[in-house]
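Below you'll find the structure, written out as structure tokens, and then a few comments.
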Amino acid sequence: MAGLIKAGSILLLFCVTASMVLSGCERRPEDMVFVPAGEFTMGSSLGEEDERPERRLHLKGFWIDRFEVTEAMYKRFVKETRHPEPPHWTVYGYPKDEEDHPVVFVSLKDAQAYCEWAGKRLPTEEEWEKAARGTDGRLYPWGNEFSQERANTSLSGIVGTTPVGTYEEGESPYGAHDMAGNVWEWTDSDYDEHTKVVRGGSWGLTHRFARTFFRVGYPTETRINNLGFRCAKDE
């Protein structure tokens with residue numbers, strides 16, 4: 001009995017400690033990282049016109065996927081919901097040898113459907129940028145100097161996606177991987193009335209596109225071989 005009381009006290013202490021950080025003793029969402037509430041620098045005076053001005057924004061705390069959604073994860077979603085397969089599966093078959101690579105050829109609606117099925121949502125571009133660069137306004141998830149050893153861009157010479165999490169030293173301040181290079185990622189923010197913001201650059205483009213503040217708009221039905229996504233979740 002004494003042992004049970006002691007164990008219960010330890011659990012209670014853990015919950016109290018966790019509540020200081022996570023606002024309650026909640027189970028950490030699987031393969032997600034937490035981005036605390038607070039201010040961060042968004043945009044850059046070095047960027048394009050649509051990336052200016054550099055400003056400080058305050059966001060509520062949120063969770064974001066540690067990795068981009070993979071082919072294997074998307075396959076489970078397709079199997080359980082009978083959602084249409086990505087077109088490259090239909091033509092070439094499911095890429096079993098790349099099941100740990102990010103899923104590609106997914107439209108905005110495909111990405112939204114997956115996130116909803118997973119009990120999550122797409123991040124806003126503000127959330128995406130904070131998760132990628134932290135609070136110190138860095139140019140890349142790891143700092144201000146580009147390194148081709150930390151991201152899959154055209155400078156890597158790979159010409160294609162890599163397994164998620166390959167570049168461990170390229171993670172963001174919160175522990176999110178591949179937020180520079182590998183694949184562009186959908187966000188739930190409008191670029192204009194016809195397109196949505198995508199972020200992060202890709203394997204087919206130089207490091208200039210992989211900067212944390214770089215933004216571009218894609219039509220919502222876009223399905224290409226360097227565009228994927230990750231999900232977010234409210235605190």
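Just remember, in the structure tokens the first chain shown is A, the second B, etc., residues are 1-based per chain, and ligands are 1-based in the order shown.
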
### Message
According to DSSP computed on the backbone, where in segment 46-95 of chain A is there helix (DSSP H, G or I)? Give the residues as a VMD selection string.
### Response
chain A and resid 49 to 51 71 to 81 87 to 92

### Message
List the spatial neighbours of segment 145-150 of chain A as a count of residues only - criterion: any atom at most 6 Å away, only C-alpha atoms, same-chain residues fewer than 4 positions off excluded.
### Response
4

### Message
Report, in Å to a single decimal, how far apart atom CA of Asp190 of chain A and atom CA of Thr161 of chain A are.
### Response
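A separation of 26.0 Å between them.
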
#### Entry: Residue contacts of Gly61 of chain A (6 Å, only C-alpha atoms) excluding same-chain residues fewer than 3 positions away, as a list in words
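Here the answer would be Val35, Pro36, Ala37 and Glu235 of chain A.
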
Rows by chain and residue number, segment 56-146 of chain A within 10 Å of segment 196-206 of chain A, shortest pair, only C-alpha atoms, as CSV:
```
residue,atom,partner,partner_atom,distance
A:Leu108,CA,A:Lys196,CA,8.2
A:Thr124,CA,A:Val197,CA,8.8
A:Glu125,CA,A:Val197,CA,6.9
A:Trp128,CA,A:Arg199,CA,7.8
A:Glu129,CA,A:Arg199,CA,8.2
A:Ala132,CA,A:Gly200,CA,8.6
A:Tyr140,CA,A:Gly200,CA,9.6
A:Pro141,CA,A:Gly200,CA,9.9
```

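Rounded to one decimal, atom CA of Tyr114 of chain A and atom CA of Asp31 of chain A lie 15.5 Å from each other.
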
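Using only C-alpha atoms for every distance, the candidate list A:Thr90, A:Leu139, A:Glu168, A:Ala232 yields A:Leu139 as the residue closest to Gly47 of chain A.
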
### Task
Take atom CA of Lys60 of chain A and atom CA of His177 of chain A and report the distance between them in Å, one decimal.
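Computing it gives 21.2 Å between the two atoms.
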